[in-house]
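This is protein.txt (compact mmCIF, C-alpha atoms).
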# COMPACT_ATOMS: atom_id res chain seq x y z
CA MET A 1 236.49 101.79 177.94
CA GLN A 2 238.90 103.28 175.46
CA ASN A 3 238.99 106.99 174.69
CA GLU A 4 238.18 108.05 171.15
CA ALA A 5 240.36 111.17 171.24
CA PRO A 6 244.11 110.74 170.73
CA ILE A 7 245.89 110.24 174.03
CA ASP A 8 248.16 112.97 175.35
CA LEU A 9 251.18 110.94 176.48
CA ALA A 10 252.48 113.65 178.82
CA LYS A 11 249.13 113.83 180.68
CA CYS A 12 248.95 110.07 180.75
CA ARG A 13 252.48 109.86 182.20
CA LEU A 14 251.54 112.18 185.08
CA LYS A 15 248.26 110.40 185.64
CA ILE A 16 249.85 106.94 185.82
CA GLN A 17 252.66 108.22 188.07
CA ARG A 18 250.08 109.58 190.51
CA TYR A 19 248.20 106.26 190.30
CA CYS A 20 251.35 104.33 191.22
CA ASP A 21 252.37 106.86 193.87
CA LYS A 22 249.14 106.40 195.87
CA ALA A 23 249.66 102.69 196.59
CA GLU A 24 251.68 99.66 195.59
CA ARG A 25 250.38 98.42 192.25
CA ALA A 26 250.80 95.20 190.34
CA PRO A 27 252.38 95.70 186.91
CA PHE A 28 249.35 93.86 185.50
CA ASP A 29 246.98 96.47 187.00
CA VAL A 30 249.10 99.35 185.73
CA GLU A 31 249.13 97.89 182.24
CA LYS A 32 245.34 97.45 182.34
CA LYS A 33 245.00 101.08 183.39
CA LEU A 34 247.23 102.21 180.50
CA ILE A 35 245.12 100.17 178.07
CA GLN A 36 242.04 101.83 179.56
CA TYR A 37 243.64 105.22 178.87
CA GLY A 38 244.16 104.15 175.25
CA VAL A 39 247.96 104.03 175.28
CA TRP A 40 249.53 102.09 172.41
CA SER A 41 251.62 98.99 173.10
CA GLN A 42 255.07 100.50 172.53
CA ASP A 43 254.25 103.59 174.59
CA ARG A 44 252.86 101.35 177.34
CA GLN A 45 256.14 99.47 177.54
CA GLU A 46 258.10 102.71 177.71
CA LEU A 47 255.88 104.09 180.47
CA MET A 48 256.13 100.84 182.43
CA SER A 49 259.93 101.00 182.13
CA GLU A 50 259.92 104.60 183.33
CA LEU A 51 257.79 103.68 186.35
CA ILE A 52 260.20 100.90 187.25
CA THR A 53 263.20 103.21 186.82
CA LEU A 54 261.53 105.85 189.03
CA ASN A 55 260.90 103.09 191.59
CA LEU A 56 257.14 103.71 191.45
CA LEU A 57 256.48 100.17 190.25
CA SER A 58 257.98 97.01 191.68
CA GLU A 59 256.44 93.57 191.38
CA SER A 60 258.35 92.17 194.36
CA ARG A 61 257.44 95.13 196.56
CA PHE A 62 253.79 94.82 195.49
CA ALA A 63 253.74 91.08 196.26
CA SER A 64 255.23 91.59 199.72
CA ALA A 65 252.86 94.44 200.59
CA PHE A 66 249.84 92.56 199.26
CA ALA A 67 250.71 89.39 201.17
CA HIS A 68 251.41 91.25 204.42
CA ASP A 69 248.28 93.40 204.28
CA HIS A 70 245.91 90.60 203.34
CA PHE A 71 247.33 88.28 205.97
CA GLU A 72 247.36 90.86 208.77
CA PHE A 73 244.22 92.86 208.05
CA ARG A 74 241.90 90.62 206.05
CA LYS A 75 243.08 87.48 207.84
CA TRP A 76 243.50 85.51 204.61
CA SER A 77 245.39 82.23 204.44
CA LYS A 78 248.70 81.91 202.63
CA ARG A 79 246.96 79.82 199.96
CA LYS A 80 244.32 82.47 199.19
CA ILE A 81 246.99 85.17 199.03
CA GLU A 82 249.00 83.02 196.61
CA LEU A 83 245.96 82.50 194.36
CA HIS A 84 245.19 86.22 194.27
CA LEU A 85 248.80 87.09 193.46
CA LYS A 86 248.70 84.57 190.61
CA ALA A 87 245.54 86.28 189.35
CA LYS A 88 247.51 89.55 189.32
CA ARG A 89 250.11 87.75 187.18
CA VAL A 90 252.88 88.10 189.75
CA SER A 91 255.85 85.85 188.99
CA PRO A 92 256.07 82.58 190.97
CA ARG A 93 259.40 83.66 192.46
CA ASN A 94 257.95 86.91 193.85
CA ILE A 95 254.94 85.02 195.20
CA GLN A 96 257.20 82.57 197.02
CA ASP A 97 259.38 85.39 198.37
CA ALA A 98 256.30 87.21 199.70
CA ILE A 99 254.88 84.12 201.37
CA ARG A 100 258.24 82.97 202.71
CA ASN A 101 258.08 85.84 205.22
CA PHE A 102 255.31 84.07 207.13
CA PRO A 103 256.16 81.40 209.71
CA SER A 104 255.34 77.82 208.66
CA GLU A 105 252.58 77.57 211.28
CA ALA A 106 251.07 80.95 210.31
CA ASP A 107 247.80 79.50 209.01
CA SER A 108 247.30 77.40 212.13
CA LEU A 109 247.95 80.42 214.36
CA GLN A 110 245.57 82.51 212.27
CA ILE A 111 242.83 79.88 212.60
CA ARG A 112 243.35 79.74 216.37
CA ALA A 113 243.04 83.51 216.57
CA LEU A 114 239.90 83.73 214.41
CA LEU A 115 237.98 80.69 215.65
CA PRO A 116 236.72 81.99 219.04
CA ALA A 117 235.25 85.14 217.49
CA LEU A 118 233.59 83.13 214.73
CA GLN A 119 232.17 80.65 217.22
CA LYS A 120 230.75 83.54 219.19
CA LYS A 121 229.34 85.10 216.03
CA TYR A 122 227.51 81.87 215.18
CA GLU A 123 226.52 81.05 218.77
CA LYS A 124 222.81 81.32 217.88
CA LYS A 125 223.24 78.38 215.49
CA GLY A 126 223.58 76.06 218.49
CA ARG A 127 225.40 72.84 217.73
CA LEU A 128 226.07 74.02 214.18
CA LYS A 129 228.18 77.00 215.28
CA ASN A 130 231.44 75.08 214.67
CA GLN A 131 230.27 74.14 211.18
CA TYR A 132 229.49 77.76 210.32
CA ALA A 133 232.79 78.93 211.81
CA ALA A 134 234.67 76.27 209.82
CA LYS A 135 232.96 77.32 206.57
CA ALA A 136 233.91 80.96 207.22
CA LEU A 137 237.55 79.94 207.71
CA ILE A 138 237.53 77.81 204.57
CA ARG A 139 236.21 80.82 202.60
CA LYS A 140 239.28 82.71 203.83
CA GLY A 141 241.36 80.05 202.07
CA PHE A 142 242.40 77.85 204.96
CA GLN A 143 242.79 74.14 204.26
CA THR A 144 239.77 72.10 205.36
CA GLU A 145 241.95 69.55 207.15
CA GLU A 146 243.80 72.27 209.06
CA VAL A 147 240.57 73.99 210.10
CA PHE A 148 239.05 70.80 211.49
CA LYS A 149 242.32 69.76 213.13
CA VAL A 150 242.51 73.05 215.03
CA LEU A 151 238.79 72.89 215.78
CA ARG A 152 239.21 69.42 217.32
CA GLU A 153 242.28 70.52 219.31
CA MET A 154 240.51 73.58 220.67
CA SER A 155 237.40 71.52 221.55
CA GLU A 156 239.61 69.07 223.46
CA ASP A 157 241.20 71.99 225.34
CA ILE A 158 237.74 73.22 226.33
CA ASP A 159 236.65 69.70 227.37
CA THR A 160 239.77 69.27 229.54
CA PHE A 161 239.23 72.72 231.03
CA LEU A 162 235.63 71.80 232.00
CA ASP A 163 236.64 68.50 233.65
File written out as structure tokens:
Amino acid sequence: MQNEAPIDLAKCRLKIQRYCDKAERAPFDVEKKLIQYGVWSQDRQELMSELITLNLLSESRFASAFAHDHFEFRKWSKRKIELHLKAKRVSPRNIQDAIRNFPSEADSLQIRALLPALQKKYEKKGRLKNQYAAKALIRKGFQTEEVFKVLREMSEDIDTFLD
């Protein structure tokens, strides 16, 4: 929603600096916010440049923080993180740099960590608990093949343990 009154650029500058200071922001989100404030194109570019110069805005820093936080706290897969970074219009290089920090088997390890809790959560579903758990993992962006591979491996471990 654009303001009808002319924008006070000095107030807008302070407002957008506070916005960027609170958390890591994607340049795309900052630009959307400036459009929302009613800032003209040339002024937007100048403000964006100032934010970068003041080190309040960094696409690579945003991508790394986003990837780390969503992997660690939301337990998303690398693929889902990559798709969300693309939606934020982060450059492919910064996306790859952010995801490169994770070990190659990170998704598999994440599935192994999440699966027991999900199986317990869906225990009332009886024989379908693994199906429900698998669907929950797939919604987090994990590859279907990887989910079922780990599910089979963990089931075999349980079967061998019971023998």
Task: Among listed residues A:Leu9, A:Leu57, A:Ile52, A:Ile138, nearest Trp40 (chain A) (using all atoms listed in the file) - done: A:Leu9
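The spacing separating CA of Glu146 (chain A) from CA of Ser108 (chain A) amounts to 6.9 Å.
For the residues A:Ala134, A:Arg79, A:Glu153, A:Glu50, ranking by smallest atom-to-atom distance to Leu14 (chain A) using all atoms listed in the file places A:Glu50 first.
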Quick one: residues within 12 Å of region 123-133 of chain A, all atoms listed in the file, excluding same-chain residues fewer than 3 positions away - as a PDB file with C-alpha atoms, in the coordinates of the input?
ATOM      1  CA  ILE A 111     242.830  79.880 212.600  1.00  0.00           C
ATOM      2  CA  ARG A 112     243.350  79.740 216.370  1.00  0.00           C
ATOM      3  CA  LEU A 114     239.900  83.730 214.410  1.00  0.00           C
ATOM      4  CA  LEU A 115     237.980  80.690 215.650  1.00  0.00           C
ATOM      5  CA  PRO A 116     236.720  81.990 219.040  1.00  0.00           C
ATOM      6  CA  ALA A 117     235.250  85.140 217.490  1.00  0.00           C
ATOM      7  CA  LEU A 118     233.590  83.130 214.730  1.00  0.00           C
ATOM      8  CA  GLN A 119     232.170  80.650 217.220  1.00  0.00           C
ATOM      9  CA  LYS A 120     230.750  83.540 219.190  1.00  0.00           C
ATOM     10  CA  ALA A 136     233.910  80.960 207.220  1.00  0.00           C
ATOM     11  CA  LEU A 137     237.550  79.940 207.710  1.00  0.00           C
ATOM     12  CA  ILE A 138     237.530  77.810 204.570  1.00  0.00           C
ATOM     13  CA  ARG A 139     236.210  80.820 202.600  1.00  0.00           C
ATOM     14  CA  LYS A 140     239.280  82.710 203.830  1.00  0.00           C
ATOM     15  CA  PHE A 142     242.400  77.850 204.960  1.00  0.00           C
ATOM     16  CA  THR A 144     239.770  72.100 205.360  1.00  0.00           C
ATOM     17  CA  VAL A 147     240.570  73.990 210.100  1.00  0.00           C
ATOM     18  CA  PHE A 148     239.050  70.800 211.490  1.00  0.00           C
ATOM     19  CA  VAL A 150     242.510  73.050 215.030  1.00  0.00           C
ATOM     20  CA  LEU A 151     238.790  72.890 215.780  1.00  0.00           C
ATOM     21  CA  ARG A 152     239.210  69.420 217.320  1.00  0.00           C
ATOM     22  CA  MET A 154     240.510  73.580 220.670  1.00  0.00           C
ATOM     23  CA  SER A 155     237.400  71.520 221.550  1.00  0.00           C
TER      24      SER A 155
END
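Distance-wise, CA of Tyr122 (chain A) and CA of Ser104 (chain A) end up 28.9 Å apart.
If you look at CA of Val90 (chain A) and CA of Val30 (chain A), they are 12.5 Å away from each other.
A distance cut-off of 12 Å around (261.9, 93.5, 193.3), counting only C-alpha atoms, selects these protein and nucleic acid residues: Ala26, Pro27, Ile52, Thr53, Asn55, Leu56, Leu57, Ser58, Glu59, Ser60, Arg61, Phe62, Ala63, Ser64, Ala65, Val90, Ser91, Arg93, Asn94, Ile95, Asp97 and Ala98 of chain A.
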Work out where the centre of an axis-aligned box around every listed atom of region 112-116 of chain A lies and how long its edges are once 8 Å is added on each side; give both in Å to one decimal as JSON.
{"center_x": 240.0, "center_y": 81.7, "center_z": 216.7, "size_x": 22.6, "size_y": 20.0, "size_z": 20.6}
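You can rank A:Ala106, A:Ile99, A:Ala113, A:Leu85 by their closest distance to Arg25 (chain A) using only C-alpha atoms, and at the top of that list sits A:Leu85.
Within 12 Å of the point (249.2, 110.4, 184.9), and counting all atoms listed in the file, the protein, DNA and RNA residues are Ile7, Asp8, Leu9, Ala10, Lys11, Cys12, Arg13, Leu14, Lys15, Ile16, Gln17, Arg18, Tyr19, Cys20, Asp21, Lys22, Val30, Lys33, Leu34, Tyr37, Val39, Leu47 and Leu51 of chain A.
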Generate the output file for the selected residues, C-alpha atoms, as a short mmCIF file (atom, residue, chain, number, x, y, z; two decimals), in the frame of the given file.
data_model
loop_
_atom_site.label_atom_id
_atom_site.label_comp_id
_atom_site.auth_asym_id
_atom_site.auth_seq_id
_atom_site.Cartn_x
_atom_site.Cartn_y
_atom_site.Cartn_z
CA ILE A 7 245.89 110.24 174.03
CA ASP A 8 248.16 112.97 175.35
CA LEU A 9 251.18 110.94 176.48
CA ALA A 10 252.48 113.65 178.82
CA LYS A 11 249.13 113.83 180.68
CA CYS A 12 248.95 110.07 180.75
CA ARG A 13 252.48 109.86 182.20
CA LEU A 14 251.54 112.18 185.08
CA LYS A 15 248.26 110.40 185.64
CA ILE A 16 249.85 106.94 185.82
CA GLN A 17 252.66 108.22 188.07
CA ARG A 18 250.08 109.58 190.51
CA TYR A 19 248.20 106.26 190.30
CA CYS A 20 251.35 104.33 191.22
CA ASP A 21 252.37 106.86 193.87
CA LYS A 22 249.14 106.40 195.87
CA VAL A 30 249.10 99.35 185.73
CA LYS A 33 245.00 101.08 183.39
CA LEU A 34 247.23 102.21 180.50
CA TYR A 37 243.64 105.22 178.87
CA VAL A 39 247.96 104.03 175.28
CA LEU A 47 255.88 104.09 180.47
CA LEU A 51 257.79 103.68 186.35
#
Just add N, CA, C and O atoms to region 31-56 of chain A and send it as a PDB file, keeping the file's coordinate frame.
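Output saved as part-v3.pdb:
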ATOM      1  N   GLU A  31     249.277  98.092 183.678  1.00  0.00           N
ATOM      2  CA  GLU A  31     249.130  97.890 182.240  1.00  0.00           C
ATOM      3  C   GLU A  31     247.654  97.959 181.821  1.00  0.00           C
ATOM      4  O   GLU A  31     247.316  98.554 180.801  1.00  0.00           O
ATOM      5  N   LYS A  32     246.787  97.368 182.623  1.00  0.00           N
ATOM      6  CA  LYS A  32     245.340  97.450 182.340  1.00  0.00           C
ATOM      7  C   LYS A  32     244.873  98.896 182.337  1.00  0.00           C
ATOM      8  O   LYS A  32     244.069  99.298 181.498  1.00  0.00           O
ATOM      9  N   LYS A  33     245.373  99.672 183.287  1.00  0.00           N
ATOM     10  CA  LYS A  33     245.000 101.080 183.390  1.00  0.00           C
ATOM     11  C   LYS A  33     245.481 101.841 182.149  1.00  0.00           C
ATOM     12  O   LYS A  33     244.750 102.667 181.596  1.00  0.00           O
ATOM     13  N   LEU A  34     246.697 101.549 181.695  1.00  0.00           N
ATOM     14  CA  LEU A  34     247.230 102.210 180.500  1.00  0.00           C
ATOM     15  C   LEU A  34     246.413 101.835 179.254  1.00  0.00           C
ATOM     16  O   LEU A  34     246.180 102.683 178.388  1.00  0.00           O
ATOM     17  N   ILE A  35     245.979 100.599 179.192  1.00  0.00           N
ATOM     18  CA  ILE A  35     245.120 100.170 178.070  1.00  0.00           C
ATOM     19  C   ILE A  35     243.805 100.940 178.136  1.00  0.00           C
ATOM     20  O   ILE A  35     243.287 101.406 177.121  1.00  0.00           O
ATOM     21  N   GLN A  36     243.287 101.083 179.355  1.00  0.00           N
ATOM     22  CA  GLN A  36     242.040 101.830 179.560  1.00  0.00           C
ATOM     23  C   GLN A  36     242.203 103.279 179.100  1.00  0.00           C
ATOM     24  O   GLN A  36     241.276 103.864 178.553  1.00  0.00           O
ATOM     25  N   TYR A  37     243.376 103.851 179.313  1.00  0.00           N
ATOM     26  CA  TYR A  37     243.640 105.220 178.870  1.00  0.00           C
ATOM     27  C   TYR A  37     243.833 105.307 177.350  1.00  0.00           C
ATOM     28  O   TYR A  37     243.877 106.395 176.807  1.00  0.00           O
ATOM     29  N   GLY A  38     243.991 104.167 176.695  1.00  0.00           N
ATOM     30  CA  GLY A  38     244.160 104.150 175.250  1.00  0.00           C
ATOM     31  C   GLY A  38     245.600 104.283 174.782  1.00  0.00           C
ATOM     32  O   GLY A  38     245.862 104.707 173.653  1.00  0.00           O
ATOM     33  N   VAL A  39     246.545 103.916 175.622  1.00  0.00           N
ATOM     34  CA  VAL A  39     247.960 104.030 175.280  1.00  0.00           C
ATOM     35  C   VAL A  39     248.363 102.846 174.400  1.00  0.00           C
ATOM     36  O   VAL A  39     248.041 101.704 174.708  1.00  0.00           O
ATOM     37  N   TRP A  40     249.071 103.128 173.338  1.00  0.00           N
ATOM     38  CA  TRP A  40     249.530 102.090 172.410  1.00  0.00           C
ATOM     39  C   TRP A  40     250.571 101.190 173.080  1.00  0.00           C
ATOM     40  O   TRP A  40     251.243 101.592 174.023  1.00  0.00           O
ATOM     41  N   SER A  41     250.764 100.024 172.523  1.00  0.00           N
ATOM     42  CA  SER A  41     251.620  98.990 173.100  1.00  0.00           C
ATOM     43  C   SER A  41     253.046  99.466 173.365  1.00  0.00           C
ATOM     44  O   SER A  41     253.578  99.263 174.450  1.00  0.00           O
ATOM     45  N   GLN A  42     253.682 100.063 172.372  1.00  0.00           N
ATOM     46  CA  GLN A  42     255.070 100.500 172.530  1.00  0.00           C
ATOM     47  C   GLN A  42     255.179 101.593 173.593  1.00  0.00           C
ATOM     48  O   GLN A  42     256.081 101.573 174.430  1.00  0.00           O
ATOM     49  N   ASP A  43     254.250 102.528 173.580  1.00  0.00           N
ATOM     50  CA  ASP A  43     254.250 103.590 174.590  1.00  0.00           C
ATOM     51  C   ASP A  43     253.990 103.019 175.986  1.00  0.00           C
ATOM     52  O   ASP A  43     254.561 103.487 176.968  1.00  0.00           O
ATOM     53  N   ARG A  44     253.129 102.011 176.053  1.00  0.00           N
ATOM     54  CA  ARG A  44     252.860 101.350 177.340  1.00  0.00           C
ATOM     55  C   ARG A  44     254.127 100.764 177.921  1.00  0.00           C
ATOM     56  O   ARG A  44     254.413 100.932 179.101  1.00  0.00           O
ATOM     57  N   GLN A  45     254.893 100.085 177.075  1.00  0.00           N
ATOM     58  CA  GLN A  45     256.140  99.470 177.540  1.00  0.00           C
ATOM     59  C   GLN A  45     257.134 100.522 178.013  1.00  0.00           C
ATOM     60  O   GLN A  45     257.805 100.343 179.028  1.00  0.00           O
ATOM     61  N   GLU A  46     257.198 101.624 177.302  1.00  0.00           N
ATOM     62  CA  GLU A  46     258.100 102.710 177.710  1.00  0.00           C
ATOM     63  C   GLU A  46     257.672 103.311 179.043  1.00  0.00           C
ATOM     64  O   GLU A  46     258.507 103.551 179.918  1.00  0.00           O
ATOM     65  N   LEU A  47     256.375 103.542 179.213  1.00  0.00           N
ATOM     66  CA  LEU A  47     255.880 104.090 180.470  1.00  0.00           C
ATOM     67  C   LEU A  47     256.116 103.128 181.635  1.00  0.00           C
ATOM     68  O   LEU A  47     256.497 103.549 182.728  1.00  0.00           O
ATOM     69  N   MET A  48     255.896 101.853 181.392  1.00  0.00           N
ATOM     70  CA  MET A  48     256.130 100.840 182.430  1.00  0.00           C
ATOM     71  C   MET A  48     257.606 100.851 182.833  1.00  0.00           C
ATOM     72  O   MET A  48     257.927 100.794 184.014  1.00  0.00           O
ATOM     73  N   SER A  49     258.492 100.941 181.847  1.00  0.00           N
ATOM     74  CA  SER A  49     259.930 101.000 182.130  1.00  0.00           C
ATOM     75  C   SER A  49     260.286 102.242 182.942  1.00  0.00           C
ATOM     76  O   SER A  49     261.092 102.183 183.876  1.00  0.00           O
ATOM     77  N   GLU A  50     259.682 103.362 182.586  1.00  0.00           N
ATOM     78  CA  GLU A  50     259.920 104.600 183.330  1.00  0.00           C
ATOM     79  C   GLU A  50     259.485 104.457 184.784  1.00  0.00           C
ATOM     80  O   GLU A  50     260.191 104.894 185.700  1.00  0.00           O
ATOM     81  N   LEU A  51     258.318 103.858 184.992  1.00  0.00           N
ATOM     82  CA  LEU A  51     257.790 103.680 186.350  1.00  0.00           C
ATOM     83  C   LEU A  51     258.720 102.801 187.184  1.00  0.00           C
ATOM     84  O   LEU A  51     258.944 103.064 188.362  1.00  0.00           O
ATOM     85  N   ILE A  52     259.266 101.785 186.553  1.00  0.00           N
ATOM     86  CA  ILE A  52     260.200 100.900 187.250  1.00  0.00           C
ATOM     87  C   ILE A  52     261.484 101.653 187.575  1.00  0.00           C
ATOM     88  O   ILE A  52     262.007 101.568 188.692  1.00  0.00           O
ATOM     89  N   THR A  53     261.982 102.424 186.615  1.00  0.00           N
ATOM     90  CA  THR A  53     263.200 103.210 186.820  1.00  0.00           C
ATOM     91  C   THR A  53     263.013 104.237 187.934  1.00  0.00           C
ATOM     92  O   THR A  53     263.914 104.447 188.747  1.00  0.00           O
ATOM     93  N   LEU A  54     261.823 104.857 187.992  1.00  0.00           N
ATOM     94  CA  LEU A  54     261.530 105.850 189.030  1.00  0.00           C
ATOM     95  C   LEU A  54     261.186 105.192 190.374  1.00  0.00           C
ATOM     96  O   LEU A  54     260.888 105.884 191.340  1.00  0.00           O
ATOM     97  N   ASN A  55     261.211 103.878 190.395  1.00  0.00           N
ATOM     98  CA  ASN A  55     260.900 103.090 191.590  1.00  0.00           C
ATOM     99  C   ASN A  55     259.453 103.295 192.069  1.00  0.00           C
ATOM    100  O   ASN A  55     259.160 103.207 193.254  1.00  0.00           O
ATOM    101  N   LEU A  56     258.562 103.589 191.127  1.00  0.00           N
ATOM    102  CA  LEU A  56     257.140 103.710 191.450  1.00  0.00           C
ATOM    103  C   LEU A  56     256.420 102.378 191.243  1.00  0.00           C
ATOM    104  O   LEU A  56     255.295 102.210 191.688  1.00  0.00           O
TER     105      LEU A  56
END
